[in-house]
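Student: Here you go, this is final31.pdb (PDB, C-alpha atoms).
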```pdb
ATOM      1  CA  SER A 148       3.345  -1.454 -13.106  1.00  0.00           C
ATOM      2  CA  GLN A 149      -0.052  -0.403 -11.911  1.00  0.00           C
ATOM      3  CA  GLN A 150      -2.779  -2.648 -13.114  1.00  0.00           C
ATOM      4  CA  GLY A 151      -5.758  -1.498 -11.124  1.00  0.00           C
ATOM      5  CA  GLU A 152      -8.187   1.147 -12.116  1.00  0.00           C
ATOM      6  CA  GLU A 153     -10.644   2.485  -9.621  1.00  0.00           C
ATOM      7  CA  ASP A 154     -13.721   4.561  -9.990  1.00  0.00           C
ATOM      8  CA  PRO A 155     -14.821   6.965  -9.007  1.00  0.00           C
ATOM      9  CA  GLN A 156     -11.580   8.808  -8.327  1.00  0.00           C
ATOM     10  CA  ALA A 157     -13.395  10.922  -5.778  1.00  0.00           C
ATOM     11  CA  LEU A 158     -16.665  10.458  -3.955  1.00  0.00           C
ATOM     12  CA  SER A 159     -18.454  12.841  -1.605  1.00  0.00           C
ATOM     13  CA  ILE A 160     -21.485  11.701   0.374  1.00  0.00           C
ATOM     14  CA  GLN A 161     -23.447  12.593   3.477  1.00  0.00           C
ATOM     15  CA  GLU A 162     -23.080  10.699   6.710  1.00  0.00           C
ATOM     16  CA  GLY A 163     -25.415   7.726   6.816  1.00  0.00           C
ATOM     17  CA  GLU A 164     -25.357   7.142   3.080  1.00  0.00           C
ATOM     18  CA  ASN A 165     -23.707   4.156   1.448  1.00  0.00           C
ATOM     19  CA  ALA A 166     -20.488   4.482  -0.532  1.00  0.00           C
ATOM     20  CA  THR A 167     -19.576   2.187  -3.401  1.00  0.00           C
ATOM     21  CA  MET A 168     -16.149   2.037  -4.986  1.00  0.00           C
ATOM     22  CA  ASN A 169     -15.151  -0.086  -7.935  1.00  0.00           C
ATOM     23  CA  CYS A 170     -11.862  -1.602  -8.962  1.00  0.00           C
ATOM     24  CA  SER A 171     -10.824  -3.266 -12.206  1.00  0.00           C
ATOM     25  CA  TYR A 172      -7.670  -5.227 -12.876  1.00  0.00           C
ATOM     26  CA  LYS A 173      -5.979  -6.740 -15.877  1.00  0.00           C
ATOM     27  CA  THR A 174      -4.361 -10.061 -15.024  1.00  0.00           C
ATOM     28  CA  SER A 175      -5.483 -13.209 -13.260  1.00  0.00           C
ATOM     29  CA  ILE A 176      -5.290 -13.116  -9.488  1.00  0.00           C
ATOM     30  CA  ASN A 177      -5.165 -15.334  -6.427  1.00  0.00           C
ATOM     31  CA  ASN A 178      -6.784 -12.705  -4.268  1.00  0.00           C
ATOM     32  CA  LEU A 179      -7.797  -9.069  -4.129  1.00  0.00           C
ATOM     33  CA  GLN A 180      -7.509  -6.839  -1.117  1.00  0.00           C
ATOM     34  CA  TRP A 181      -8.875  -3.482  -0.069  1.00  0.00           C
ATOM     35  CA  TYR A 182      -6.897  -1.008   1.977  1.00  0.00           C
ATOM     36  CA  ARG A 183      -7.690   2.307   3.558  1.00  0.00           C
ATOM     37  CA  GLN A 184      -5.313   5.244   3.881  1.00  0.00           C
ATOM     38  CA  ASN A 185      -5.935   8.319   5.945  1.00  0.00           C
ATOM     39  CA  SER A 186      -4.260  11.441   4.619  1.00  0.00           C
ATOM     40  CA  GLY A 187      -0.494  11.241   4.972  1.00  0.00           C
ATOM     41  CA  ARG A 188      -0.597   7.954   6.814  1.00  0.00           C
ATOM     42  CA  GLY A 189       0.143   4.307   6.165  1.00  0.00           C
ATOM     43  CA  LEU A 190      -2.312   1.740   4.894  1.00  0.00           C
ATOM     44  CA  VAL A 191      -4.756  -0.285   6.923  1.00  0.00           C
ATOM     45  CA  HIS A 192      -5.857  -3.666   5.621  1.00  0.00           C
ATOM     46  CA  LEU A 193      -9.636  -3.885   5.382  1.00  0.00           C
ATOM     47  CA  ILE A 194     -10.571  -7.138   3.726  1.00  0.00           C
ATOM     48  CA  LEU A 195      -9.223  -9.875   1.457  1.00  0.00           C
ATOM     49  CA  ILE A 196     -11.307 -11.824  -1.007  1.00  0.00           C
ATOM     50  CA  ARG A 197      -9.958 -14.884  -2.790  1.00  0.00           C
ATOM     51  CA  SER A 198     -10.443 -15.615  -6.447  1.00  0.00           C
ATOM     52  CA  ASN A 199     -12.893 -18.424  -5.693  1.00  0.00           C
ATOM     53  CA  GLU A 200     -15.079 -16.170  -3.556  1.00  0.00           C
ATOM     54  CA  ARG A 201     -17.787 -13.873  -4.883  1.00  0.00           C
ATOM     55  CA  GLU A 202     -18.737 -11.863  -1.841  1.00  0.00           C
ATOM     56  CA  LYS A 203     -17.395 -11.165   1.594  1.00  0.00           C
ATOM     57  CA  HIS A 204     -18.596  -9.110   4.550  1.00  0.00           C
ATOM     58  CA  SER A 205     -16.805  -7.495   7.445  1.00  0.00           C
ATOM     59  CA  GLY A 206     -18.848  -5.230   9.668  1.00  0.00           C
ATOM     60  CA  ARG A 207     -20.124  -2.368   7.503  1.00  0.00           C
ATOM     61  CA  LEU A 208     -17.961  -3.469   4.583  1.00  0.00           C
ATOM     62  CA  ARG A 209     -19.123  -5.638   1.733  1.00  0.00           C
ATOM     63  CA  VAL A 210     -16.776  -6.695  -1.036  1.00  0.00           C
ATOM     64  CA  THR A 211     -17.718  -8.429  -4.254  1.00  0.00           C
ATOM     65  CA  LEU A 212     -15.465 -10.018  -6.816  1.00  0.00           C
ATOM     66  CA  ASP A 213     -16.270 -10.878 -10.419  1.00  0.00           C
ATOM     67  CA  THR A 214     -13.291 -12.662 -11.922  1.00  0.00           C
ATOM     68  CA  SER A 215     -14.970 -12.944 -15.316  1.00  0.00           C
ATOM     69  CA  LYS A 216     -15.100  -9.153 -15.512  1.00  0.00           C
ATOM     70  CA  LYS A 217     -11.890  -8.709 -13.550  1.00  0.00           C
ATOM     71  CA  SER A 218     -13.591  -6.301 -11.213  1.00  0.00           C
ATOM     72  CA  SER A 219     -14.372  -5.818  -7.553  1.00  0.00           C
ATOM     73  CA  SER A 220     -16.477  -3.436  -5.553  1.00  0.00           C
ATOM     74  CA  LEU A 221     -16.285  -2.174  -1.999  1.00  0.00           C
ATOM     75  CA  LEU A 222     -19.486  -1.049  -0.323  1.00  0.00           C
ATOM     76  CA  ILE A 223     -19.406   0.880   2.928  1.00  0.00           C
ATOM     77  CA  THR A 224     -22.841   1.019   4.483  1.00  0.00           C
ATOM     78  CA  ALA A 225     -24.127   3.699   6.851  1.00  0.00           C
ATOM     79  CA  SER A 226     -21.028   5.811   6.326  1.00  0.00           C
ATOM     80  CA  ARG A 227     -19.524   7.933   9.066  1.00  0.00           C
ATOM     81  CA  ALA A 228     -17.370  11.039   8.939  1.00  0.00           C
ATOM     82  CA  ALA A 229     -14.523   8.880  10.245  1.00  0.00           C
ATOM     83  CA  ASP A 230     -14.698   6.829   7.038  1.00  0.00           C
ATOM     84  CA  THR A 231     -13.225   9.799   5.176  1.00  0.00           C
ATOM     85  CA  ALA A 232     -10.039   8.427   3.606  1.00  0.00           C
ATOM     86  CA  SER A 233      -8.582   7.042   0.392  1.00  0.00           C
ATOM     87  CA  TYR A 234      -9.420   3.467  -0.469  1.00  0.00           C
ATOM     88  CA  PHE A 235      -7.203   1.261  -2.609  1.00  0.00           C
ATOM     89  CA  CYS A 236      -7.663  -2.155  -4.099  1.00  0.00           C
ATOM     90  CA  ALA A 237      -4.609  -4.333  -4.522  1.00  0.00           C
ATOM     91  CA  THR A 238      -4.061  -7.598  -6.344  1.00  0.00           C
ATOM     92  CA  ASP A 239      -1.321 -10.167  -6.218  1.00  0.00           C
ATOM     93  CA  GLY A 240      -1.256 -10.646  -9.981  1.00  0.00           C
ATOM     94  CA  SER A 241      -1.417 -14.426  -9.386  1.00  0.00           C
ATOM     95  CA  SER A 242       2.207 -14.382  -8.269  1.00  0.00           C
ATOM     96  CA  ASN A 243       3.347 -16.099  -5.100  1.00  0.00           C
ATOM     97  CA  THR A 244       5.939 -13.466  -4.324  1.00  0.00           C
ATOM     98  CA  GLY A 245       3.690 -11.485  -2.028  1.00  0.00           C
ATOM     99  CA  LYS A 246       3.975  -8.458  -4.294  1.00  0.00           C
ATOM    100  CA  LEU A 247       0.902  -6.254  -4.465  1.00  0.00           C
ATOM    101  CA  ILE A 248      -0.244  -4.126  -7.366  1.00  0.00           C
ATOM    102  CA  PHE A 249      -2.337  -1.191  -6.268  1.00  0.00           C
ATOM    103  CA  GLY A 250      -5.178   0.554  -8.010  1.00  0.00           C
ATOM    104  CA  GLN A 251      -5.306   4.312  -8.359  1.00  0.00           C
ATOM    105  CA  GLY A 252      -7.575   4.704  -5.372  1.00  0.00           C
ATOM    106  CA  THR A 253     -10.840   6.404  -4.544  1.00  0.00           C
ATOM    107  CA  THR A 254     -10.878   9.410  -2.252  1.00  0.00           C
ATOM    108  CA  LEU A 255     -13.986   9.301  -0.099  1.00  0.00           C
ATOM    109  CA  GLN A 256     -15.290  12.293   1.793  1.00  0.00           C
ATOM    110  CA  VAL A 257     -18.137  11.748   4.226  1.00  0.00           C
ATOM    111  CA  LYS A 258     -19.757  14.981   5.297  1.00  0.00           C
ATOM    112  CA  PRO A 259     -21.212  15.106   8.806  1.00  0.00           C
TER     113      PRO A 259
ATOM    114  CA  GLY B 255      -0.151  -7.290  17.097  1.00  0.00           C
ATOM    115  CA  ALA B 256       1.358  -6.879  13.617  1.00  0.00           C
ATOM    116  CA  VAL B 257       2.832  -3.430  14.108  1.00  0.00           C
ATOM    117  CA  VAL B 258       5.277  -2.023  11.598  1.00  0.00           C
ATOM    118  CA  SER B 259       7.150   1.159  12.420  1.00  0.00           C
ATOM    119  CA  GLN B 260       9.137   3.530  10.267  1.00  0.00           C
ATOM    120  CA  HIS B 261      11.753   6.026  11.273  1.00  0.00           C
ATOM    121  CA  PRO B 262      11.923   8.876  10.720  1.00  0.00           C
ATOM    122  CA  SER B 263       8.325   9.884  10.061  1.00  0.00           C
ATOM    123  CA  TRP B 264       9.535  12.867   8.098  1.00  0.00           C
ATOM    124  CA  VAL B 265      12.876  14.216   6.946  1.00  0.00           C
ATOM    125  CA  ILE B 266      14.053  17.299   5.112  1.00  0.00           C
ATOM    126  CA  CYS B 267      17.468  17.206   3.514  1.00  0.00           C
ATOM    127  CA  LYS B 268      19.613  19.124   1.092  1.00  0.00           C
ATOM    128  CA  SER B 269      20.109  17.988  -2.464  1.00  0.00           C
ATOM    129  CA  GLY B 270      23.049  15.626  -2.783  1.00  0.00           C
ATOM    130  CA  THR B 271      22.844  14.147   0.684  1.00  0.00           C
ATOM    131  CA  SER B 272      21.837  10.582   1.555  1.00  0.00           C
ATOM    132  CA  VAL B 273      18.910   9.664   3.724  1.00  0.00           C
ATOM    133  CA  LYS B 274      18.273   6.375   5.517  1.00  0.00           C
ATOM    134  CA  ILE B 275      14.778   5.195   6.366  1.00  0.00           C
ATOM    135  CA  GLU B 276      14.219   2.293   8.750  1.00  0.00           C
ATOM    136  CA  CYS B 277      11.348  -0.151   8.680  1.00  0.00           C
ATOM    137  CA  ARG B 278      10.808  -2.457  11.648  1.00  0.00           C
ATOM    138  CA  SER B 279       8.316  -5.184  12.390  1.00  0.00           C
ATOM    139  CA  LEU B 280       7.848  -4.741  16.126  1.00  0.00           C
ATOM    140  CA  ASP B 281       6.040  -7.868  17.211  1.00  0.00           C
ATOM    141  CA  PHE B 282       6.581 -10.412  14.474  1.00  0.00           C
ATOM    142  CA  GLN B 283       9.312 -11.683  12.225  1.00  0.00           C
ATOM    143  CA  ALA B 284       8.866 -10.587   8.655  1.00  0.00           C
ATOM    144  CA  THR B 285       9.528 -13.052   5.892  1.00  0.00           C
ATOM    145  CA  THR B 286       9.610 -10.305   3.338  1.00  0.00           C
ATOM    146  CA  MET B 287       9.580  -6.530   3.431  1.00  0.00           C
ATOM    147  CA  PHE B 288       8.399  -4.284   0.640  1.00  0.00           C
ATOM    148  CA  TRP B 289       9.190  -0.686  -0.136  1.00  0.00           C
ATOM    149  CA  TYR B 290       6.710   1.601  -1.894  1.00  0.00           C
ATOM    150  CA  ARG B 291       6.777   5.179  -3.054  1.00  0.00           C
ATOM    151  CA  GLN B 292       3.710   7.360  -3.211  1.00  0.00           C
ATOM    152  CA  PHE B 293       3.522  10.760  -4.865  1.00  0.00           C
ATOM    153  CA  PRO B 294       0.823  13.246  -3.789  1.00  0.00           C
ATOM    154  CA  LYS B 295      -2.687  12.148  -4.677  1.00  0.00           C
ATOM    155  CA  GLN B 296      -1.353   9.048  -6.399  1.00  0.00           C
ATOM    156  CA  SER B 297      -1.277   5.368  -5.630  1.00  0.00           C
ATOM    157  CA  LEU B 298       1.522   3.275  -4.190  1.00  0.00           C
ATOM    158  CA  MET B 299       4.232   2.120  -6.543  1.00  0.00           C
ATOM    159  CA  LEU B 300       6.254  -0.908  -5.484  1.00  0.00           C
ATOM    160  CA  MET B 301       9.955  -0.124  -5.560  1.00  0.00           C
ATOM    161  CA  ALA B 302      11.553  -3.295  -4.291  1.00  0.00           C
ATOM    162  CA  THR B 303      11.102  -6.514  -2.375  1.00  0.00           C
ATOM    163  CA  SER B 304      13.623  -7.577   0.233  1.00  0.00           C
ATOM    164  CA  ASN B 305      14.222 -10.784   2.129  1.00  0.00           C
ATOM    165  CA  GLU B 306      16.465 -11.122   5.142  1.00  0.00           C
ATOM    166  CA  GLY B 307      20.029 -11.901   4.203  1.00  0.00           C
ATOM    167  CA  SER B 308      19.620 -11.619   0.454  1.00  0.00           C
ATOM    168  CA  LYS B 309      19.763  -8.893  -2.152  1.00  0.00           C
ATOM    169  CA  ALA B 310      16.647  -6.906  -2.805  1.00  0.00           C
ATOM    170  CA  THR B 311      14.661  -7.386  -5.986  1.00  0.00           C
ATOM    171  CA  TYR B 312      13.936  -4.075  -7.653  1.00  0.00           C
ATOM    172  CA  GLU B 313      11.008  -3.262  -9.877  1.00  0.00           C
ATOM    173  CA  GLN B 314      11.600  -2.156 -13.410  1.00  0.00           C
ATOM    174  CA  GLY B 315      12.683   1.457 -13.608  1.00  0.00           C
ATOM    175  CA  VAL B 316      13.897   1.684 -10.010  1.00  0.00           C
ATOM    176  CA  GLU B 317      17.604   2.468  -9.744  1.00  0.00           C
ATOM    177  CA  LYS B 318      19.137   0.019  -7.318  1.00  0.00           C
ATOM    178  CA  ASP B 319      22.275   2.141  -6.907  1.00  0.00           C
ATOM    179  CA  LYS B 320      20.174   5.096  -5.901  1.00  0.00           C
ATOM    180  CA  PHE B 321      17.783   3.289  -3.578  1.00  0.00           C
ATOM    181  CA  LEU B 322      19.908   0.985  -1.462  1.00  0.00           C
ATOM    182  CA  ILE B 323      18.023  -1.609   0.516  1.00  0.00           C
ATOM    183  CA  ASN B 324      19.509  -3.604   3.348  1.00  0.00           C
ATOM    184  CA  HIS B 325      17.545  -6.295   5.121  1.00  0.00           C
ATOM    185  CA  ALA B 326      19.806  -7.113   8.026  1.00  0.00           C
ATOM    186  CA  SER B 327      17.399  -9.102  10.177  1.00  0.00           C
ATOM    187  CA  LEU B 328      13.909 -10.550  10.216  1.00  0.00           C
ATOM    188  CA  THR B 329      12.629  -7.376  11.835  1.00  0.00           C
ATOM    189  CA  LEU B 330      14.592  -4.605  10.141  1.00  0.00           C
ATOM    190  CA  SER B 331      14.945  -3.328   6.608  1.00  0.00           C
ATOM    191  CA  THR B 332      16.477  -0.006   5.615  1.00  0.00           C
ATOM    192  CA  LEU B 333      16.092   2.102   2.506  1.00  0.00           C
ATOM    193  CA  THR B 334      18.850   4.595   1.776  1.00  0.00           C
ATOM    194  CA  VAL B 335      18.167   7.272  -0.801  1.00  0.00           C
ATOM    195  CA  THR B 336      21.621   8.189  -2.046  1.00  0.00           C
ATOM    196  CA  SER B 337      22.489  11.599  -3.460  1.00  0.00           C
ATOM    197  CA  ALA B 338      18.923  12.721  -3.062  1.00  0.00           C
ATOM    198  CA  HIS B 339      17.445  15.236  -5.464  1.00  0.00           C
ATOM    199  CA  PRO B 340      14.189  17.208  -5.316  1.00  0.00           C
ATOM    200  CA  GLU B 341      12.484  14.704  -7.613  1.00  0.00           C
ATOM    201  CA  ASP B 342      13.058  12.042  -4.943  1.00  0.00           C
ATOM    202  CA  SER B 343      10.746  13.947  -2.621  1.00  0.00           C
ATOM    203  CA  SER B 344       7.916  11.569  -1.889  1.00  0.00           C
ATOM    204  CA  PHE B 345       6.139   9.489   0.722  1.00  0.00           C
ATOM    205  CA  TYR B 346       7.971   6.215   1.279  1.00  0.00           C
ATOM    206  CA  ILE B 347       6.037   3.350   2.824  1.00  0.00           C
ATOM    207  CA  CYS B 348       7.256  -0.071   3.844  1.00  0.00           C
ATOM    208  CA  SER B 349       5.284  -3.186   4.530  1.00  0.00           C
ATOM    209  CA  ALA B 350       6.037  -6.601   5.962  1.00  0.00           C
ATOM    210  CA  ASP B 351       4.466  -9.994   5.646  1.00  0.00           C
ATOM    211  CA  GLY B 352       4.988 -13.320   7.351  1.00  0.00           C
ATOM    212  CA  LEU B 353       2.397 -13.176  10.099  1.00  0.00           C
ATOM    213  CA  ARG B 354      -0.730 -14.155   8.204  1.00  0.00           C
ATOM    214  CA  PRO B 355      -0.964 -15.571   4.688  1.00  0.00           C
ATOM    215  CA  ASP B 356      -1.524 -13.047   1.911  1.00  0.00           C
ATOM    216  CA  THR B 357      -1.480 -10.113   4.318  1.00  0.00           C
ATOM    217  CA  GLN B 358       0.979  -7.239   4.411  1.00  0.00           C
ATOM    218  CA  TYR B 359       1.228  -4.876   7.328  1.00  0.00           C
ATOM    219  CA  PHE B 360       2.145  -1.333   6.459  1.00  0.00           C
ATOM    220  CA  GLY B 361       4.282   1.171   8.258  1.00  0.00           C
ATOM    221  CA  PRO B 362       3.045   4.738   8.801  1.00  0.00           C
ATOM    222  CA  GLY B 363       5.260   6.102   6.045  1.00  0.00           C
ATOM    223  CA  THR B 364       8.156   8.562   5.842  1.00  0.00           C
ATOM    224  CA  ARG B 365       7.754  11.932   4.171  1.00  0.00           C
ATOM    225  CA  LEU B 366      10.999  12.877   2.401  1.00  0.00           C
ATOM    226  CA  THR B 367      11.497  16.433   1.219  1.00  0.00           C
ATOM    227  CA  VAL B 368      14.665  17.235  -0.685  1.00  0.00           C
ATOM    228  CA  LEU B 369      15.485  20.918  -0.983  1.00  0.00           C
TER     229      LEU B 369
END
```
So, in terms of structure tokens, how does the structure I just supplied come out?
Tutor:
Amino acid sequence: SQQGEEDPQALSIQEGENATMNCSYKTSINNLQWYRQNSGRGLVHLILIRSNEREKHSGRLRVTLDTSKKSSSLLITASRAADTASYFCATDGSSNTGKLIFGQGTTLQVKP
Amino acid sequence: GAVVSQHPSWVICKSGTSVKIECRSLDFQATTMFWYRQFPKQSLMLMATSNEGSKATYEQGVEKDKFLINHASLTLSTLTVTSAHPEDSSFYICSADGLRPDTQYFGPGTRLTVL
């Protein structure tokens, strides 16, 4: 069952602006991951943050994790039109089966 | 590295027919493969988990007799949608792990349309 909630559901910004997406989950986790999906395509892994980490960076991406609030955020700085896509968080639900539980996703549109 | 392919990328079939979708890990051996379904503008729902040489584990609410999964080798898993109906029309995505810890690599997806 889905356990992640993401907000906003949709986000529209101008190129160069920052985009922030939030994800909340319900159970304990070992890690949380963010994925990107271009329309009608498969998913691309962006970044993984472990439950004992609070913040992680990768290029223009910054992810935070607050396990006490069971929430995470993804910040994309200096957005580009090519960043237009849907972004999903996914958790492992503290299982060791490799199964992922995906959030509802945020659709980001970056206008040139 | 870590490329996962799916075939076909799209398929249109008549109601009542069966459709087979292949998922291959091209440059690594997958410990486990996962099958997801995604309806338009919705998130991915895990359907089943499969390991090479063993029966797939289905999520609650997924009919195992309707969605047959075969994991014949460490690089190939197939999903067969049997007696497909229009409500089975969806985007089916597979993923594979085994290359890096806690990381799944996703295929490009297969768009199934049942008329």
Student: Evaluate the PyMOL selection byres ((chain A and resi 247-256) around 7) against this structure - the residues, as a list of chain:residue names, please.
Tutor: A:Gln149, A:Gln150, A:Gly151, A:Glu152, A:Glu153, A:Asp154, A:Pro155, A:Gln156, A:Ala157, A:Leu158, A:Ser159, A:Ile160, A:Met168, A:Thr231, A:Ala232, A:Ser233, A:Tyr234, A:Phe235, A:Cys236, A:Ala237, A:Thr238, A:Asp239, A:Gly245, A:Lys246, A:Val257, A:Lys258, B:Gln296, B:Ser297, B:Leu298
Student: Once the PyMOL selection byres ((chain B) within 9 of (chain A)) has been evaluated on this model, what residues remain selected, and can you format them as an NGL selection string?
Tutor: :B and (286 or 288 or 295-300 or 303 or 313-314 or 345 or 347-348 or 351 or 356-365)
Student: For the structure shown, which residues end up in the PyMOL selection byres ((chain A and resi 224) around 7)? Put them as a list of chain:residue names, please?
Tutor: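 Selection result, ordered by chain and number: A:Glu164, A:Asn165, A:Ala166, A:Arg207, A:Leu208, A:Leu222, A:Ile223, A:Ala225, A:Ser226.
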Student: Identify which of the residues B:Ser349, B:Ser337, B:Gln292, B:Asn324 lies closest to B:Arg278, counting all atoms listed in the file when measuring atom-to-atom distances.
Tutor: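 Comparing B:Ser349, B:Ser337, B:Gln292, B:Asn324 against B:Arg278, the winner is B:Ser349.
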Student: Measuring between all atoms listed in the file, which one of A:Ser175, A:Arg201, A:Ala228, A:Gln161 shows the shortest distance to A:Asp213?
Tutor: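 Using all atoms listed in the file, the shortest distance to A:Asp213 belongs to A:Arg201.
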Student: Can you pull out the residues contacting A:Leu193? Cut-off 7 Å, using only C-alpha atoms, and skip same-chain residues under 3 positions away; I want them as an MDAnalysis selection string.
Tutor: chainID A and resid 181:183
Student: Distance atom CA of B:Ser327-atom CA of B:Ala284, one decimal place?
Tutor: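 Separating atom CA of B:Ser327 from atom CA of B:Ala284 is a distance of 8.8 Å.
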Student: What would the list of residues within 7 Å of (10.5, -10.6, 13.2) (file frame) look like as a PyMOL selection string, if all atoms listed in the file are what count?
Tutor: chain B and resi 279+281-284+328-329
Student: Pick out the residues sitting within 7 Å of B:Glu276, and hand them over as an mmCIF file with C-alpha atoms, keeping the file's coordinate frame; count only C-alpha atoms, and ignore anything fewer than 3 positions along from it in its own chain.
Tutor:
```cif
data_model
loop_
_atom_site.group_PDB
_atom_site.id
_atom_site.type_symbol
_atom_site.label_atom_id
_atom_site.label_comp_id
_atom_site.auth_asym_id
_atom_site.auth_seq_id
_atom_site.Cartn_x
_atom_site.Cartn_y
_atom_site.Cartn_z
ATOM 1 C CA GLN B 260 9.137 3.530 10.267
ATOM 2 C CA HIS B 261 11.753 6.026 11.273
ATOM 3 C CA SER B 331 14.945 -3.328 6.608
ATOM 4 C CA THR B 332 16.477 -0.006 5.615
ATOM 5 C CA LEU B 333 16.092 2.102 2.506
#
```
